[in-house]
>>> print(open('start04.tsv').read())   # TSV, C-alpha atoms
chain	number	residue	atom	x	y	z
U	130	MET	CA	16.55	-4.38	-12.88
U	131	ASN	CA	14.12	-6.84	-14.45
U	132	GLY	CA	11.27	-6.86	-11.94
U	133	THR	CA	10.22	-6.18	-8.40
U	134	GLN	CA	12.73	-7.43	-5.85
U	135	LEU	CA	12.81	-7.71	-2.07
U	136	LYS	CA	16.06	-6.60	-0.53
U	137	GLU	CA	17.34	-6.52	3.05
U	138	VAL	CA	19.03	-3.22	3.93
U	139	PRO	CA	20.33	-1.56	7.09
U	140	VAL	CA	17.66	0.76	8.52
U	141	GLU	CA	19.94	3.79	8.19
U	142	GLN	CA	20.20	3.15	4.42
U	143	ALA	CA	16.45	2.71	3.88
U	144	VAL	CA	15.43	6.38	3.61
U	145	GLY	CA	13.33	6.85	0.47
U	146	LEU	CA	12.69	3.11	0.05
U	147	ARG	CA	9.37	1.21	0.45
U	148	LEU	CA	8.72	-1.35	3.16
U	149	ALA	CA	8.08	-4.84	1.84
U	150	HIS	CA	5.63	-5.71	4.65
U	151	ASP	CA	3.81	-4.32	7.69
U	152	LEU	CA	5.91	-3.76	10.81
U	153	THR	CA	4.31	-4.31	14.22
U	154	GLN	CA	5.13	-2.48	17.44
U	155	ILE	CA	4.54	-4.15	20.80
U	156	ILE	CA	4.62	-2.24	24.07
U	157	PRO	CA	3.70	-4.84	26.73
U	158	GLY	CA	0.44	-3.99	28.45
U	159	GLN	CA	-0.05	-0.83	26.37
U	160	PHE	CA	-0.06	-1.32	22.62
U	161	LYS	CA	0.25	-3.93	19.91
U	162	GLY	CA	-0.37	-2.90	16.34
U	163	ARG	CA	0.93	-1.77	13.02
U	164	LEU	CA	3.67	0.84	13.29
U	165	PHE	CA	4.26	1.04	9.53
U	166	LYS	CA	2.24	-0.44	6.68
U	167	LYS	CA	3.55	-2.33	3.69
U	168	GLY	CA	4.61	0.14	1.01
U	169	HIS	CA	5.41	2.95	3.47
U	170	VAL	CA	8.29	5.09	2.20
U	171	ILE	CA	10.92	5.34	4.95
U	172	THR	CA	11.89	8.85	6.13
U	173	GLU	CA	14.71	10.07	8.38
U	174	ALA	CA	12.13	10.50	11.19
U	175	ASP	CA	11.26	6.78	10.94
U	176	ILE	CA	14.79	5.56	11.73
U	177	PRO	CA	14.59	5.96	15.56
U	178	LYS	CA	11.15	4.27	15.60
U	179	LEU	CA	12.48	1.32	13.62
U	180	LEU	CA	15.51	0.99	15.87
U	181	ASP	CA	13.22	1.18	18.95
U	182	ILE	CA	11.35	-1.93	17.78
U	183	GLY	CA	14.62	-3.78	17.28
U	184	LYS	CA	14.89	-3.39	13.52
U	185	GLU	CA	18.50	-2.91	12.45
U	186	HIS	CA	17.75	-4.31	8.97
U	187	ILE	CA	14.47	-4.25	7.08
U	188	TYR	CA	13.12	-5.70	3.86
U	189	ILE	CA	12.30	-3.13	1.23
U	190	ILE	CA	10.67	-3.32	-2.20
U	191	GLU	CA	12.63	-2.31	-5.28
U	192	LEU	CA	10.24	-1.91	-8.19
U	193	GLY	CA	11.37	-2.84	-11.66
U	194	GLU	CA	11.48	-0.33	-14.47
U	195	GLY	CA	7.97	0.57	-15.57
U	196	GLU	CA	6.39	-1.09	-12.52
U	197	LEU	CA	4.02	0.56	-10.08
U	198	HIS	CA	3.39	-0.26	-6.42
U	199	GLU	CA	0.08	-2.11	-5.98
U	200	ASP	CA	-1.37	0.60	-3.71
U	201	ASP	CA	-0.47	3.32	-6.23
U	202	ALA	CA	-2.06	1.28	-9.04
U	203	ALA	CA	-5.24	0.73	-6.99
U	204	GLN	CA	-5.42	4.45	-6.18
U	205	ARG	CA	-5.05	5.40	-9.86
U	206	MET	CA	-7.72	2.95	-10.97
U	207	ALA	CA	-10.14	4.10	-8.24
U	208	LEU	CA	-9.62	7.76	-9.15
U	209	ALA	CA	-10.35	6.96	-12.80
U	210	LEU	CA	-13.56	5.10	-11.87
U	211	GLN	CA	-14.78	7.41	-9.10
U	212	GLY	CA	-18.08	9.16	-9.72
U	213	ASP	CA	-19.84	12.14	-8.17
U	214	GLY	CA	-21.07	11.54	-4.63
U	215	THR	CA	-18.45	8.90	-3.87
U	216	ALA	CA	-15.46	8.68	-1.55
U	217	LEU	CA	-12.34	6.52	-1.72
U	218	SER	CA	-10.84	4.44	1.05
U	219	GLU	CA	-7.13	4.55	1.76
U	220	PRO	CA	-5.15	2.07	-0.36
U	221	HIS	CA	-4.39	-1.17	1.52
U	222	GLU	CA	-2.94	-4.39	0.13
U	223	GLY	CA	-3.49	-3.17	-3.41
U	224	LYS	CA	-7.17	-2.35	-2.88
U	225	VAL	CA	-9.20	0.86	-2.78
U	226	SER	CA	-12.95	0.89	-2.14
U	227	ILE	CA	-15.29	3.37	-3.79
U	228	LYS	CA	-18.28	4.02	-1.57
U	229	SER	CA	-21.16	6.44	-1.54
U	230	SER	CA	-20.44	9.62	0.34
U	231	LEU	CA	-24.14	10.47	0.38
U	232	THR	CA	-26.20	10.17	3.55
U	233	SER	CA	-29.29	9.07	1.64
U	234	PRO	CA	-29.68	5.99	-0.57
U	235	ALA	CA	-28.11	6.23	-4.00
U	236	LEU	CA	-28.00	4.12	-7.14
U	237	ALA	CA	-24.74	2.75	-8.53
U	238	VAL	CA	-24.61	2.24	-12.26
U	239	ILE	CA	-22.02	-0.37	-13.23
U	240	ASP	CA	-20.86	-0.78	-16.82
U	241	ALA	CA	-20.40	-4.55	-17.03
U	242	SER	CA	-18.39	-4.32	-20.26
U	243	LEU	CA	-15.89	-1.99	-18.54
U	244	VAL	CA	-15.55	-4.38	-15.58
U	245	HIS	CA	-14.95	-7.31	-17.96
U	246	ALA	CA	-12.47	-5.31	-20.07
U	247	ILE	CA	-10.41	-4.40	-16.99
U	248	ASN	CA	-10.49	-7.94	-15.65
U	249	ASP	CA	-9.43	-9.31	-19.04
U	250	LEU	CA	-6.18	-7.30	-18.81
U	251	GLY	CA	-4.70	-9.84	-16.38
U	252	GLU	CA	-2.81	-9.30	-13.11
U	253	ILE	CA	-5.43	-6.79	-11.91
U	254	ALA	CA	-9.05	-7.14	-10.88
U	255	LEU	CA	-12.06	-4.88	-10.54
U	256	ALA	CA	-14.77	-6.22	-8.23
U	257	THR	CA	-18.24	-4.76	-7.76
U	258	LEU	CA	-21.24	-5.55	-5.60
>>> encode(input="start04.tsv", output="structure tokens")
Amino acid sequence: MNGTQLKEVPVEQAVGLRLAHDLTQIIPGQFKGRLFKKGHVITEADIPKLLDIGKEHIYIIELGEGELHEDDAAQRMALALQGDGTALSEPHEGKVSIKSSLTSPALAVIDASLVHAINDLGEIALATL
């Protein structure tokens, strides 16, 4: 396989594969929201839930050789950059936030040359406040 591909598969054949997009569940008058997030790896236990929302086929992501899911890449980069006294958000849409886990004010020291070096790699970005 040359690169990342989207592929439609029967739900029963999706175990172990990653969802290509968020899936919403609607229970009239009770709930409307995300049932599964993009990138979720389908398990056997997910099959009845998917069928309950009318999904007989779903789109999954097949990553190319040497490729990494955007949430996994964001998590790796955040872990490499994380300092003492910080906490990471959950990966979402290829982003992870690093925030202070301290209850009192703290100082963030940002190495501008590191930020520029990462951003010069292409196809990824590191943003700071």
>>> residues_around(input="start04.tsv", residues="region 219-235 of chain U", least_positions_apart="6", cutoff="10 Å", atoms="only C-alpha atoms", output="NGL selection string")
:U and (150 or 166-168 or 198-208 or 210-213 or 253-257)
>>> atom_distance(input="start04.tsv", atom1="CA of Gly162 (chain U)", atom2="CA of Ala149 (chain U)")
16.9 Å
>>> atom_distance(input="start04.tsv", atom1="CA of Val144 (chain U)", atom2="CA of Phe160 (chain U)")
25.7 Å
>>> residues_near_point(input="start04.tsv", point="(10.4, -4.2, 3.3)", cutoff="7 Å", atoms="only C-alpha atoms", output="list in words")
Leu135, Arg147, Leu148, Ala149, His150, Ile187, Tyr188, Ile189 and Ile190 of chain U
>>> closest_residue(input="start04.tsv", among="U:Leu236, U:Ile247, U:Ala209, U:Val140", to="Glu173 (chain U)", atoms="all atoms listed in the file")
U:Val140
>>> closest_residue(input="start04.tsv", among="U:Leu192, U:Leu217, U:Leu258, U:Ile182", to="Val238 (chain U)", atoms="all atoms listed in the file")
U:Leu258
>>> closest_residue(input="start04.tsv", among="U:Asn248, U:Lys161, U:Glu191, U:Leu152", to="Lys178 (chain U)", atoms="all atoms listed in the file")
U:Leu152
>>> atom_distance(input="start04.tsv", atom1="CA of Thr172 (chain U)", atom2="CA of Asp151 (chain U)")
15.5 Å
>>> closest_residue(input="start04.tsv", among="U:Val170, U:Asp181, U:Glu137, U:Gly132", to="Thr153 (chain U)", atoms="only C-alpha atoms")
U:Asp181
>>> build_atoms(input="start04.tsv", residues="region 220-241 of chain U", atoms="N, CA, C and O atoms", output="JSON list (two decimals), keeping the file's coordinate frame")
[["chain", "number", "residue", "atom", "x", "y", "z"],
["U", 220, "PRO", "N", -5.65, 3.30, 0.24],
["U", 220, "PRO", "CA", -5.15, 2.07, -0.36],
["U", 220, "PRO", "C", -4.61, 1.13, 0.72],
["U", 220, "PRO", "O", -3.96, 1.57, 1.68],
["U", 221, "HIS", "N", -4.90, -0.16, 0.58],
["U", 221, "HIS", "CA", -4.39, -1.17, 1.52],
["U", 221, "HIS", "C", -4.34, -2.50, 0.80],
["U", 221, "HIS", "O", -5.33, -2.93, 0.23],
["U", 222, "GLU", "N", -3.15, -3.09, 0.79],
["U", 222, "GLU", "CA", -2.94, -4.39, 0.13],
["U", 222, "GLU", "C", -3.41, -4.37, -1.32],
["U", 222, "GLU", "O", -4.00, -5.33, -1.83],
["U", 223, "GLY", "N", -3.15, -3.26, -2.00],
["U", 223, "GLY", "CA", -3.49, -3.17, -3.41],
["U", 223, "GLY", "C", -4.96, -3.00, -3.69],
["U", 223, "GLY", "O", -5.41, -3.29, -4.80],
["U", 224, "LYS", "N", -5.72, -2.52, -2.70],
["U", 224, "LYS", "CA", -7.17, -2.35, -2.88],
["U", 224, "LYS", "C", -7.58, -0.94, -2.44],
["U", 224, "LYS", "O", -7.06, -0.41, -1.47],
["U", 225, "VAL", "N", -8.55, -0.39, -3.15],
["U", 225, "VAL", "CA", -9.20, 0.86, -2.78],
["U", 225, "VAL", "C", -10.69, 0.65, -2.99],
["U", 225, "VAL", "O", -11.10, 0.16, -4.04],
["U", 226, "SER", "N", -11.49, 1.00, -2.00],
["U", 226, "SER", "CA", -12.95, 0.89, -2.14],
["U", 226, "SER", "C", -13.53, 2.24, -2.54],
["U", 226, "SER", "O", -13.09, 3.28, -2.07],
["U", 227, "ILE", "N", -14.52, 2.18, -3.42],
["U", 227, "ILE", "CA", -15.29, 3.37, -3.79],
["U", 227, "ILE", "C", -16.65, 3.20, -3.15],
["U", 227, "ILE", "O", -17.36, 2.24, -3.45],
["U", 228, "LYS", "N", -17.00, 4.12, -2.26],
["U", 228, "LYS", "CA", -18.28, 4.02, -1.57],
["U", 228, "LYS", "C", -19.03, 5.33, -1.70],
["U", 228, "LYS", "O", -18.44, 6.39, -1.91],
["U", 229, "SER", "N", -20.33, 5.24, -1.50],
["U", 229, "SER", "CA", -21.16, 6.44, -1.54],
["U", 229, "SER", "C", -20.78, 7.37, -0.40],
["U", 229, "SER", "O", -20.57, 6.92, 0.73],
["U", 230, "SER", "N", -20.68, 8.64, -0.71],
["U", 230, "SER", "CA", -20.44, 9.62, 0.34],
["U", 230, "SER", "C", -21.73, 10.34, 0.71],
["U", 230, "SER", "O", -21.74, 11.26, 1.49],
["U", 231, "LEU", "N", -22.83, 9.88, 0.12],
["U", 231, "LEU", "CA", -24.14, 10.47, 0.38],
["U", 231, "LEU", "C", -24.75, 9.88, 1.64],
["U", 231, "LEU", "O", -24.52, 8.71, 1.96],
["U", 232, "THR", "N", -25.54, 10.67, 2.34],
["U", 232, "THR", "CA", -26.20, 10.17, 3.55],
["U", 232, "THR", "C", -27.54, 9.51, 3.23],
["U", 232, "THR", "O", -28.09, 8.82, 4.07],
["U", 233, "SER", "N", -28.05, 9.72, 2.03],
["U", 233, "SER", "CA", -29.29, 9.07, 1.64],
["U", 233, "SER", "C", -28.99, 7.99, 0.60],
["U", 233, "SER", "O", -27.93, 8.00, -0.02],
["U", 234, "PRO", "N", -29.91, 7.06, 0.40],
["U", 234, "PRO", "CA", -29.68, 5.99, -0.57],
["U", 234, "PRO", "C", -29.36, 6.54, -1.96],
["U", 234, "PRO", "O", -29.87, 7.58, -2.36],
["U", 235, "ALA", "N", -28.50, 5.82, -2.65],
["U", 235, "ALA", "CA", -28.11, 6.23, -4.00],
["U", 235, "ALA", "C", -28.05, 4.99, -4.89],
["U", 235, "ALA", "O", -28.01, 3.87, -4.40],
["U", 236, "LEU", "N", -28.04, 5.20, -6.17],
["U", 236, "LEU", "CA", -28.00, 4.12, -7.14],
["U", 236, "LEU", "C", -26.63, 4.09, -7.79],
["U", 236, "LEU", "O", -26.13, 5.10, -8.27],
["U", 237, "ALA", "N", -26.01, 2.93, -7.82],
["U", 237, "ALA", "CA", -24.74, 2.75, -8.53],
["U", 237, "ALA", "C", -25.03, 2.16, -9.89],
["U", 237, "ALA", "O", -25.77, 1.18, -10.01],
["U", 238, "VAL", "N", -24.45, 2.75, -10.91],
["U", 238, "VAL", "CA", -24.61, 2.24, -12.26],
["U", 238, "VAL", "C", -23.26, 1.65, -12.67],
["U", 238, "VAL", "O", -22.25, 2.35, -12.73],
["U", 239, "ILE", "N", -23.25, 0.34, -12.91],
["U", 239, "ILE", "CA", -22.02, -0.37, -13.23],
["U", 239, "ILE", "C", -22.03, -0.77, -14.70],
["U", 239, "ILE", "O", -22.98, -1.40, -15.17],
["U", 240, "ASP", "N", -21.00, -0.40, -15.42],
["U", 240, "ASP", "CA", -20.86, -0.78, -16.82],
["U", 240, "ASP", "C", -20.16, -2.13, -16.86],
["U", 240, "ASP", "O", -18.94, -2.23, -16.70],
["U", 241, "ALA", "N", -20.94, -3.19, -17.05],
["U", 241, "ALA", "CA", -20.40, -4.55, -17.03],
["U", 241, "ALA", "C", -19.30, -4.75, -18.07],
["U", 241, "ALA", "O", -18.30, -5.44, -17.81]]
